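J.: Handing you a structure now.
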Amino acid sequence: MSPSRRDFLTSVALAGAAAGAAPAAATLERDHPAPAAEGPADQRSRGGVHRTLEQDHPDVFIDACMQMWPDADFANAHRHGVTAYAVTAWDPHASLDHALEGLMAWHLVARQYPNLEVVRTADDIRRAKRDRKAGLLLAAQDGDWIGFGLHRVEAFQRLGLRMMLLAYNRGNHLCEGCLDRTGSGLTRYGELVVAECNRVGIVLDCSHTGKRSTLDIMDRSRHPCVFSHSNPSALVPNPRNIDDEQIKACAARGGVVALVTWGPLVMKPGQRSRPTVDDFIAIVDYVAQLTGSTDHIAIGTDMSIGTYPDHAVDPWGEPVYPSVSGDYDQAVTADIRSPLRNIEGFSDYSEVVPFANRLQAHGYAPDDVRKILGGNLLRVFDRVWGPGATAA
């Protein structure tokens with residue numbers, strides 16, 4: 001990938017003087033009105049730029065997976081309807097130094113922008129909602145940075161890491177990735193990492209991870225696990241999606257599957273048009289019926305705030321992995337920065353409000369909507385992080 005996130009610390013520091021004022025108080029109501037959105041239409045058409053809400057909605061909304069980039073509008077991040085962003089804290093496959101720099105950059109952001117704070121407990125997220133702030137939930141999309149230094153897991157937890165994958169697409173010394181063809185599962189060293197994450201309070205995320213590894217992780221973990229941005233392969237047979245066995249195993253252990261609005265993981269075989277919010281709600285229906293309730297469903301948009309960088313290409317050659325977005329690239333758009341990369345009706349954070357209304361109109365009770373938007377993840381966070389999550 002681009003080195004943009006490695007330069008994040010410097011970029012944000014230079015922009016720090018422009019930090020926005022503290023957020024104003026909001027008026028909350030106990031339903032989902034359609035708040036007026038602010039922002040020029042030309043800005044709303046660009047990926048990474050989101051409309052702001054004049055009035056907040058009443059529910060905690062946790063985005064289980066997203067990215068922020070150096071040119072993000074940090075000063076308005078609390079005004080998009082999101083209570084907590086599970087932000088990818090550094091690029092996958094990072095060295096220890098790179099991961100540390102990425103992690104600490106978010107503490108600098110939180111110091112410079114009073115509307116943002118790094119969350120360490122579930123109550124921090126609840127308080128952010130009350131205080132009209134937005135939480136930064138620091139997440140890692142791989143475990144490469146751990147190397148064979150198990151102590152790094154606790155060190156990073158103490159620095160604010162709260163959720164992590166063990167492998168991102170390709171296999172490593174912990175387990176297999178979902179795009180590799182090793183067929184292996186969790187390694188013996190990976191078993192130690194699972195136990196250490198349980199001990200210190202880091203949520204284990206199974207997205208991007210090979211099937212056998214996800215089942216091994218969930219079987220060995222004494223805490224619930226999550227899939228932060230995956231959809232059922234029974235509906236969308238994409239190599240990044242997960243099958244019924246994985247979904248049911250996650251739910252059986254109290255975990256949560258955060259369904260993703262990223263278009264390539266929603267577009268069904270043979271579909272040649274951009275998926276819509278109704279296509280996504282059909283995915284919600286499927287998982288609710290498969291697991292018997294809405295207790296194990298959340299949302300992970302995989303959206304960005306700020307400009308998503310171009311992917312770097314290794315001139316020496318790269319592995320040929322199964323295609324994740326090829327059909328979508330041809331049928332809808334190959335522009336990785338375009339809002340068209342997310343489904344129609346939920347490609348802007350402010351659209352969480354009509355999405356919640358659409359769920360209710362579809363037959364989901366208000367309590368179901370609250371659980372899907374954030375309540376289910378809060379339950380997992382309470383269990384894994386506990387009241388003593390500030391330090392292990």
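Scheme for the structure tokens: letters A, B, ... for chains in order shown; per-chain residue numbers from 1; ligand numbers from 1 in order shown.
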With the cut-off set at 8 Å and counting only C-alpha atoms, tabulate each residue of range 77-195 of chain A with an atom at most that distance from an atom of range 213-223 of chain A, showing the nearest atom pair and its distance in Å to one decimal, ordered by chain and increasing number, as CSV.

T.:
residue,atom,partner,partner_atom,distance
A:Cys175,CA,A:Ser213,CA,5.9
A:Glu176,CA,A:Ser213,CA,6.2
A:Ser184,CA,A:Ser213,CA,7.1
A:Gly185,CA,A:Ser213,CA,4.0
A:Leu186,CA,A:Ser213,CA,4.9
A:Glu191,CA,A:Arg220,CA,7.5
A:Val194,CA,A:Ser221,CA,6.3
A:Ala195,CA,A:Ser221,CA,6.8

J.: May I have the residues from that selection written out with N, CA and C atoms, as a compact mmCIF listing (two decimals), in the first residue's frame?

T.:
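The file below, out-v9.txt, is the result:
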# COMPACT_ATOMS: atom_id res chain seq x y z
N CYS A 175 -1.35 -18.00 11.71
CA CYS A 175 -2.45 -18.77 11.11
C CYS A 175 -2.49 -18.49 9.61
N GLU A 176 -3.48 -19.04 8.94
CA GLU A 176 -3.63 -18.84 7.51
C GLU A 176 -4.51 -17.62 7.23
N SER A 184 -4.02 -24.71 6.17
CA SER A 184 -3.63 -24.88 7.58
C SER A 184 -4.52 -24.04 8.47
N GLY A 185 -4.41 -24.27 9.76
CA GLY A 185 -5.19 -23.51 10.71
C GLY A 185 -4.29 -22.69 11.61
N LEU A 186 -4.71 -22.57 12.85
CA LEU A 186 -3.96 -21.83 13.86
C LEU A 186 -2.67 -22.57 14.20
N GLU A 191 -1.77 -20.18 18.94
CA GLU A 191 -2.56 -20.54 20.11
C GLU A 191 -2.16 -19.69 21.32
N VAL A 194 -3.68 -16.21 20.91
CA VAL A 194 -5.11 -16.22 21.26
C VAL A 194 -5.27 -16.15 22.77
N ALA A 195 -4.54 -16.97 23.50
CA ALA A 195 -4.64 -16.98 24.97
C ALA A 195 -4.21 -15.64 25.56

J.: From a DSSP pass on the backbone, collect the residues of range 201-266 of chain A flagged as strand (DSSP E) and hand them back as a ChimeraX atom specification.

T.: /A:203-205,226-227,256-259

J.: Mind writing the picked residues with N, CA and C atoms as a short mmCIF file (atom, residue, chain, number, x, y, z; two decimals), in the first residue's frame?

T.:
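In the end it all went to out-v1.cif:
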data_model
loop_
_atom_site.label_atom_id
_atom_site.label_comp_id
_atom_site.auth_asym_id
_atom_site.auth_seq_id
_atom_site.Cartn_x
_atom_site.Cartn_y
_atom_site.Cartn_z
N VAL A 203 -10.09 -7.99 21.63
CA VAL A 203 -11.08 -8.75 20.88
C VAL A 203 -10.42 -9.37 19.66
N LEU A 204 -10.62 -10.67 19.48
CA LEU A 204 -10.08 -11.38 18.32
C LEU A 204 -11.05 -11.25 17.15
N ASP A 205 -10.53 -10.73 16.05
CA ASP A 205 -11.30 -10.48 14.83
C ASP A 205 -10.90 -11.52 13.79
N VAL A 226 -15.25 -11.80 16.91
CA VAL A 226 -16.04 -11.07 15.94
C VAL A 226 -15.49 -11.30 14.53
N PHE A 227 -16.34 -11.09 13.56
CA PHE A 227 -15.92 -10.85 12.18
C PHE A 227 -16.25 -9.38 11.95
N VAL A 256 -20.06 -11.81 17.37
CA VAL A 256 -20.82 -10.91 16.52
C VAL A 256 -20.22 -10.91 15.12
N VAL A 257 -21.07 -10.99 14.11
CA VAL A 257 -20.66 -10.84 12.71
C VAL A 257 -21.07 -9.45 12.26
N ALA A 258 -20.10 -8.61 11.98
CA ALA A 258 -20.37 -7.27 11.47
C ALA A 258 -20.46 -7.36 9.96
N LEU A 259 -21.65 -7.21 9.45
CA LEU A 259 -21.89 -7.31 8.01
C LEU A 259 -21.41 -6.05 7.33
#

J.: For His296 in chain A, please output as a PyMOL selection string all residues within 8 Å (counting only C-alpha atoms; exclusion window: fewer than 4 positions along the same chain).

T.: chain A and resi 251+254-257+288+291+372+376

J.: If you run DSSP on this backbone, which residues of range 201-276 of chain A come out as helix (DSSP H, G or I), and could you give them as an MDAnalysis selection string?

T.: chainID A and resid 211:220 244:252 263:265

J.: Ranking A:Leu137, A:Cys225, A:Leu100, A:Val353 by minimum distance to Asp124 in chain A and counting only C-alpha atoms, which one comes first?

T.: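 Comparing A:Leu137, A:Cys225, A:Leu100, A:Val353 against Asp124 in chain A, the winner is A:Leu137.
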
J.: Show me, as a PyMOL selection string, the residues that have an atom within 9 Å of range 146-153 of chain A when counting only C-alpha atoms, minus same-chain residues fewer than 6 positions from it.

T.: chain A and resi 95-96+161+173+189+192-193+196-197+200+202

J.: Neighbours of Arg181 in chain A within 10 Å (only C-alpha atoms; same-chain residues fewer than 5 positions away dropped), as a PyMOL selection string?

T.: chain A and resi 170-171+176+210+321-322

J.: Can you pull out every residue within 12 Å of Ser228 in chain A, counting only C-alpha atoms, but drop anything in the same chain fewer than 2 positions away, and send it as a PyMOL selection string?

T.: chain A and resi 62-66+85-88+139-141+163-165+203-209+225-226+230-231+240-242+250+255-261+296-302+377

J.: Looking at A:Val369, A:Pro339, A:Pro58, A:Ala282, which one is nearest to Asn357 in chain A, with distances taken over only C-alpha atoms?

T.: A:Val369

J.: Pull the closest atom pair for each residue of range 311-386 of chain A that gets at most 12 Å from range 77-84 of chain A, along with the distance in Å to one decimal, counting only C-alpha atoms, ordering rows by chain and then ascending residue number, as JSON lines.

T.:
{"residue": "A:Asp348", "atom": "CA", "partner": "A:His80", "partner_atom": "CA", "distance": 8.5}
{"residue": "A:Tyr349", "atom": "CA", "partner": "A:His80", "partner_atom": "CA", "distance": 5.6}
{"residue": "A:Ser350", "atom": "CA", "partner": "A:His80", "partner_atom": "CA", "distance": 5.2}
{"residue": "A:Glu351", "atom": "CA", "partner": "A:Gly81", "partner_atom": "CA", "distance": 8.4}
{"residue": "A:Val352", "atom": "CA", "partner": "A:Gly81", "partner_atom": "CA", "distance": 6.9}
{"residue": "A:Val353", "atom": "CA", "partner": "A:Gly81", "partner_atom": "CA", "distance": 7.7}
{"residue": "A:Pro354", "atom": "CA", "partner": "A:Gly81", "partner_atom": "CA", "distance": 11.3}
{"residue": "A:Phe355", "atom": "CA", "partner": "A:Gly81", "partner_atom": "CA", "distance": 11.6}
{"residue": "A:Ala356", "atom": "CA", "partner": "A:Gly81", "partner_atom": "CA", "distance": 11.4}
{"residue": "A:Leu373", "atom": "CA", "partner": "A:Val82", "partner_atom": "CA", "distance": 9.5}
{"residue": "A:Gly374", "atom": "CA", "partner": "A:Thr83", "partner_atom": "CA", "distance": 8.7}
{"residue": "A:Gly375", "atom": "CA", "partner": "A:Thr83", "partner_atom": "CA", "distance": 11.6}
{"residue": "A:Leu377", "atom": "CA", "partner": "A:Ala84", "partner_atom": "CA", "distance": 10.8}
{"residue": "A:Leu378", "atom": "CA", "partner": "A:Ala84", "partner_atom": "CA", "distance": 10.6}

J.: I need the residue nearest Val49 in chain A from this list: A:Val332, A:Val380, A:Ala155, A:Ile305. Use only C-alpha atoms for the distance.

T.: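 With only C-alpha atoms as the atom set, the closest residue is A:Ile305.
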